[in-house]
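Engineer: mmCIF, C-alpha atoms; chains and numbers go by the auth columns, file coords.cif:
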```
data_data
#
loop_
_atom_site.group_PDB
_atom_site.id
_atom_site.type_symbol
_atom_site.label_atom_id
_atom_site.label_comp_id
_atom_site.label_asym_id
_atom_site.label_seq_id
_atom_site.Cartn_x
_atom_site.Cartn_y
_atom_site.Cartn_z
_atom_site.B_iso_or_equiv
_atom_site.auth_seq_id
_atom_site.auth_asym_id
ATOM 1 C CA MET A 1 127.139 62.949 122.033 0.00 1 A
ATOM 2 C CA LYS A 2 124.609 62.018 119.359 0.00 2 A
ATOM 3 C CA THR A 3 125.204 63.130 115.786 0.00 3 A
ATOM 4 C CA THR A 4 123.030 63.116 112.696 0.00 4 A
ATOM 5 C CA LYS A 5 123.951 62.579 109.068 0.00 5 A
ATOM 6 C CA PHE A 6 125.046 65.851 107.457 0.00 6 A
ATOM 7 C CA ASN A 7 123.240 66.880 104.294 0.00 7 A
ATOM 8 C CA PRO A 8 124.433 70.151 102.716 0.00 8 A
ATOM 9 C CA PHE A 9 121.065 70.557 100.975 0.00 9 A
ATOM 10 C CA ASN A 10 119.497 71.198 104.371 0.00 10 A
ATOM 11 C CA TYR A 11 121.452 74.486 104.389 0.00 11 A
ATOM 12 C CA ILE A 12 121.164 75.487 100.738 0.00 12 A
ATOM 13 C CA THR A 13 118.315 77.932 100.361 0.00 13 A
ATOM 14 C CA ASN A 14 117.820 78.530 96.637 0.00 14 A
ATOM 15 C CA GLU A 15 118.370 77.106 93.162 0.00 15 A
ATOM 16 C CA THR A 16 121.443 79.251 92.486 0.00 16 A
ATOM 17 C CA GLU A 17 123.185 77.794 95.526 0.00 17 A
ATOM 18 C CA ILE A 18 122.203 74.279 94.426 0.00 18 A
ATOM 19 C CA GLN A 19 123.681 74.951 90.985 0.00 19 A
ATOM 20 C CA ILE A 20 126.932 76.323 92.416 0.00 20 A
ATOM 21 C CA PHE A 21 127.287 73.401 94.808 0.00 21 A
ATOM 22 C CA LEU A 22 126.653 70.765 92.127 0.00 22 A
ATOM 23 C CA ASN A 23 129.050 72.490 89.695 0.00 23 A
ATOM 24 C CA ASP A 24 131.769 72.594 92.348 0.00 24 A
ATOM 25 C CA CYS A 25 131.225 68.895 93.067 0.00 25 A
ATOM 26 C CA LEU A 26 131.261 68.034 89.361 0.00 26 A
ATOM 27 C CA HIS A 27 134.620 69.765 88.905 0.00 27 A
ATOM 28 C CA ASP A 28 136.232 68.112 91.927 0.00 28 A
ATOM 29 C CA ASP A 29 139.194 65.819 91.173 0.00 29 A
ATOM 30 C CA ASP A 30 137.299 62.862 92.651 0.00 30 A
ATOM 31 C CA PRO A 31 134.306 61.862 90.466 0.00 31 A
ATOM 32 C CA GLN A 32 132.653 60.299 93.523 0.00 32 A
ATOM 33 C CA THR A 33 132.146 63.810 94.911 0.00 33 A
ATOM 34 C CA PHE A 34 129.470 64.546 92.287 0.00 34 A
ATOM 35 C CA ILE A 35 127.810 61.179 92.901 0.00 35 A
ATOM 36 C CA ASN A 36 127.786 61.938 96.634 0.00 36 A
ATOM 37 C CA ALA A 37 126.217 65.338 95.935 0.00 37 A
ATOM 38 C CA LEU A 38 123.477 63.687 93.890 0.00 38 A
ATOM 39 C CA GLY A 39 122.966 61.305 96.811 0.00 39 A
ATOM 40 C CA TYR A 40 122.470 64.198 99.202 0.00 40 A
ATOM 41 C CA LEU A 41 119.920 65.673 96.804 0.00 41 A
ATOM 42 C CA VAL A 42 118.156 62.292 96.547 0.00 42 A
ATOM 43 C CA ASP A 43 117.952 62.189 100.356 0.00 43 A
ATOM 44 C CA LYS A 44 116.536 65.715 100.422 0.00 44 A
ATOM 45 C CA LYS A 45 113.910 64.952 97.745 0.00 45 A
ATOM 46 C CA GLY A 46 113.050 61.552 99.224 0.00 46 A
ATOM 47 C CA VAL A 47 114.494 58.210 98.143 0.00 47 A
ATOM 48 C CA SER A 48 111.087 56.640 97.524 0.00 48 A
ATOM 49 C CA ASP A 49 109.961 59.497 95.294 0.00 49 A
ATOM 50 C CA VAL A 50 113.207 59.509 93.300 0.00 50 A
ATOM 51 C CA ALA A 51 113.092 55.718 92.969 0.00 51 A
ATOM 52 C CA LYS A 52 109.636 55.956 91.408 0.00 52 A
ATOM 53 C CA LEU A 53 110.752 58.689 89.004 0.00 53 A
ATOM 54 C CA THR A 54 113.852 56.788 87.886 0.00 54 A
ATOM 55 C CA GLY A 55 112.409 53.295 87.776 0.00 55 A
ATOM 56 C CA LEU A 56 115.214 52.149 90.074 0.00 56 A
ATOM 57 C CA ASN A 57 114.515 50.370 93.329 0.00 57 A
ATOM 58 C CA ARG A 58 115.315 52.007 96.653 0.00 58 A
ATOM 59 C CA GLU A 59 117.959 49.420 97.555 0.00 59 A
ATOM 60 C CA SER A 60 119.891 50.159 94.358 0.00 60 A
ATOM 61 C CA LEU A 61 119.729 53.872 95.055 0.00 61 A
ATOM 62 C CA TYR A 62 121.026 53.412 98.599 0.00 62 A
ATOM 63 C CA LYS A 63 123.937 51.276 97.359 0.00 63 A
ATOM 64 C CA THR A 64 124.776 53.764 94.635 0.00 64 A
ATOM 65 C CA MET A 65 124.639 56.753 96.933 0.00 65 A
ATOM 66 C CA ASN A 66 126.648 55.280 99.805 0.00 66 A
ATOM 67 C CA GLY A 67 129.558 54.270 97.589 0.00 67 A
ATOM 68 C CA GLN A 68 128.972 50.494 97.696 0.00 68 A
ATOM 69 C CA THR A 69 128.664 50.408 93.914 0.00 69 A
ATOM 70 C CA LYS A 70 129.862 52.571 91.044 0.00 70 A
ATOM 71 C CA PRO A 71 126.823 53.864 89.181 0.00 71 A
ATOM 72 C CA THR A 72 126.557 53.444 85.437 0.00 72 A
ATOM 73 C CA TRP A 73 126.013 56.482 83.235 0.00 73 A
ATOM 74 C CA ASP A 74 122.412 55.303 82.752 0.00 74 A
ATOM 75 C CA THR A 75 121.822 55.471 86.507 0.00 75 A
ATOM 76 C CA VAL A 76 123.456 58.898 86.834 0.00 76 A
ATOM 77 C CA TYR A 77 121.450 60.188 83.870 0.00 77 A
ATOM 78 C CA ARG A 78 118.170 58.887 85.317 0.00 78 A
ATOM 79 C CA LEU A 79 118.966 60.489 88.665 0.00 79 A
ATOM 80 C CA MET A 80 119.779 63.800 87.036 0.00 80 A
ATOM 81 C CA GLN A 81 116.506 63.747 85.093 0.00 81 A
ATOM 82 C CA ALA A 82 114.494 62.887 88.197 0.00 82 A
ATOM 83 C CA LEU A 83 116.250 65.621 90.189 0.00 83 A
ATOM 84 C CA LYS A 84 115.874 68.163 87.341 0.00 84 A
ATOM 85 C CA VAL A 85 119.653 68.524 87.045 0.00 85 A
ATOM 86 C CA ASP A 86 121.008 69.477 83.619 0.00 86 A
ATOM 87 C CA LEU A 87 124.605 68.826 82.628 0.00 87 A
ATOM 88 C CA SER A 88 126.222 71.178 80.133 0.00 88 A
ATOM 89 C CA VAL A 89 129.407 70.597 78.192 0.00 89 A
ATOM 90 C CA SER A 90 131.991 73.219 77.309 0.00 90 A
ATOM 91 C CA LEU A 91 135.488 72.890 75.906 0.00 91 A
ATOM 92 C CA LEU A 92 138.266 73.841 78.306 0.00 92 A
ATOM 93 C CA GLU A 93 140.531 74.700 75.395 0.00 93 A
ATOM 94 C CA PRO A 94 140.155 74.785 71.623 0.00 94 A
ATOM 95 C CA VAL A 95 140.348 71.483 69.791 0.00 95 A
#
```
Render the structure in this file as C-alpha coordinates.
Structural biologist:
Amino acid sequence: MKTTKFNPFNYITNETEIQIFLNDCLHDDDPQTFINALGYLVDKKGVSDVAKLTGLNRESLYKTMNGQTKPTWDTVYRLMQALKVDLSVSLLEPV
(Lines of atoms letter the chains of each structure in order from A and count residues from 1; the text may use other names and numbers.)
(Lines give C-alpha, C1' and ligand atoms only; values in the text may rest on other atoms or scores of the structure.)
Protein backbone atom coordinates (compact mmCIF):
# COMPACT_ATOMS: atom_id res chain seq x y z
CA MET A 1 0.00 0.00 0.00
CA LYS A 2 1.33 3.42 -0.96
CA THR A 3 0.62 6.38 1.30
CA THR A 4 1.07 10.11 0.87
CA LYS A 5 1.99 12.76 3.41
CA PHE A 6 -1.12 14.03 5.21
CA ASN A 7 -1.70 17.77 5.16
CA PRO A 8 -4.82 18.96 7.03
CA PHE A 9 -4.89 22.14 4.92
CA ASN A 10 -5.85 20.01 1.93
CA TYR A 11 -9.20 19.45 3.71
CA ILE A 12 -9.76 22.89 5.23
CA THR A 13 -12.03 24.87 2.96
CA ASN A 14 -12.17 28.42 4.32
CA GLU A 15 -10.38 31.01 6.44
CA THR A 16 -12.55 30.39 9.51
CA GLU A 17 -11.52 26.73 9.55
CA ILE A 18 -7.87 27.74 9.14
CA GLN A 19 -8.20 30.11 12.10
CA ILE A 20 -9.85 27.47 14.29
CA PHE A 21 -7.24 24.87 13.40
CA LEU A 22 -4.29 27.19 14.07
CA ASN A 23 -5.82 28.37 17.37
CA ASP A 24 -6.33 24.77 18.49
CA CYS A 25 -2.72 23.96 17.59
CA LEU A 26 -1.44 27.07 19.38
CA HIS A 27 -3.24 26.07 22.58
CA ASP A 28 -2.01 22.47 22.51
CA ASP A 29 0.24 21.43 25.43
CA ASP A 30 3.08 20.70 22.99
CA PRO A 31 4.44 23.91 21.39
CA GLN A 32 5.70 21.85 18.44
CA THR A 33 2.08 21.31 17.41
CA PHE A 34 1.75 24.96 16.33
CA ILE A 35 5.09 24.82 14.51
CA ASN A 36 3.91 21.67 12.72
CA ALA A 37 0.67 23.44 11.75
CA LEU A 38 2.65 26.33 10.29
CA GLY A 39 4.70 23.74 8.39
CA TYR A 40 1.57 22.25 6.87
CA LEU A 41 0.49 25.73 5.81
CA VAL A 42 3.94 26.39 4.32
CA ASP A 43 3.61 23.16 2.31
CA LYS A 44 0.16 24.20 1.11
CA LYS A 45 1.33 27.70 0.07
CA GLY A 46 4.56 26.41 -1.46
CA VAL A 47 7.95 26.26 0.25
CA SER A 48 9.71 28.24 -2.48
CA ASP A 49 7.18 31.06 -2.33
CA VAL A 50 7.27 31.25 1.47
CA ALA A 51 11.07 31.14 1.45
CA LYS A 52 11.15 34.18 -0.83
CA LEU A 53 8.67 36.06 1.36
CA THR A 54 10.57 35.33 4.57
CA GLY A 55 14.10 35.69 3.28
CA LEU A 56 14.87 32.22 4.62
CA ASN A 57 16.29 29.50 2.41
CA ARG A 58 14.25 26.43 1.55
CA GLU A 59 16.61 24.07 3.39
CA SER A 60 16.17 26.01 6.63
CA LEU A 61 12.41 25.93 6.23
CA TYR A 62 12.41 22.17 5.66
CA LYS A 63 14.56 21.60 8.77
CA THR A 64 12.37 23.87 10.86
CA MET A 65 9.14 22.29 9.70
CA ASN A 66 10.19 18.66 10.06
CA GLY A 67 11.34 19.07 13.65
CA GLN A 68 15.10 18.81 13.01
CA THR A 69 15.63 22.24 14.55
CA LYS A 70 13.77 24.42 17.02
CA PRO A 71 12.82 27.65 15.27
CA THR A 72 13.68 30.98 16.82
CA TRP A 73 10.94 33.52 17.47
CA ASP A 74 12.30 35.52 14.51
CA THR A 75 11.73 32.56 12.20
CA VAL A 76 8.22 31.90 13.55
CA TYR A 77 7.36 35.60 13.24
CA ARG A 78 8.61 35.75 9.64
CA LEU A 79 6.61 32.65 8.76
CA MET A 80 3.48 34.07 10.33
CA GLN A 81 3.88 37.32 8.39
CA ALA A 82 4.45 35.48 5.12
CA LEU A 83 1.44 33.23 5.76
CA LYS A 84 -0.74 36.20 6.85
CA VAL A 85 -1.21 34.69 10.32
CA ASP A 86 -1.81 37.14 13.17
CA LEU A 87 -1.19 36.20 16.78
CA SER A 88 -3.30 37.88 19.45
CA VAL A 89 -2.63 37.98 23.16
CA SER A 90 -5.23 37.83 25.91
CA LEU A 91 -4.87 37.34 29.64
CA LEU A 92 -6.20 34.03 30.95
CA GLU A 93 -6.81 35.59 34.35
CA PRO A 94 -6.44 39.06 35.83
CA VAL A 95 -2.96 40.17 36.80
Engineer: Enumerate, as a ChimeraX atom specification, the residues matched when the PyMOL selection byres ((chain A and resi 60) around 12) is run on the file above.
Structural biologist: /A:39,47-48,50-51,54-59,61-72,75,79
Engineer: Give as a VMD selection string the residues that the PyMOL selection byres ((chain A and resi 26) around 12) matches when applied to the coordinates above.
Structural biologist: chain A and resid 19 to 25 27 to 38 85 to 89
Engineer: Would you kindly return, as a VMD selection string, each protein, DNA or RNA residue with an atom no farther than 12 Å from any atom of Lys5 in chain A, considering only C-alpha atoms and excluding same-chain residues fewer than 2 positions away?
Structural biologist: chain A and resid 2 to 3 7 to 10 40 43 to 44
Engineer: Could you work out an axis-aligned box for range 58-71 of chain A, taking every atom the file lists and adding 8 Å on each side, and report centre and edge lengths in Å to one decimal, as AutoDock Vina command-line options?
Structural biologist:
```
--center_x 122.6 --center_y 53.1 --center_z 94.5 --size_x 30.5 --size_y 23.3 --size_z 26.6
```
Engineer: Would you work out the distance separating CA of Tyr11 in chain A from CA of Gly46 in chain A, expressed in Å to one decimal?
Structural biologist: 16.3 Å
Engineer: Measure the distance from CA of Asp74 in chain A to CA of Leu53 in chain A in Å and round it to one decimal.
Structural biologist: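 Going from CA of Asp74 in chain A over to CA of Leu53 in chain A, I get 13.7 Å.
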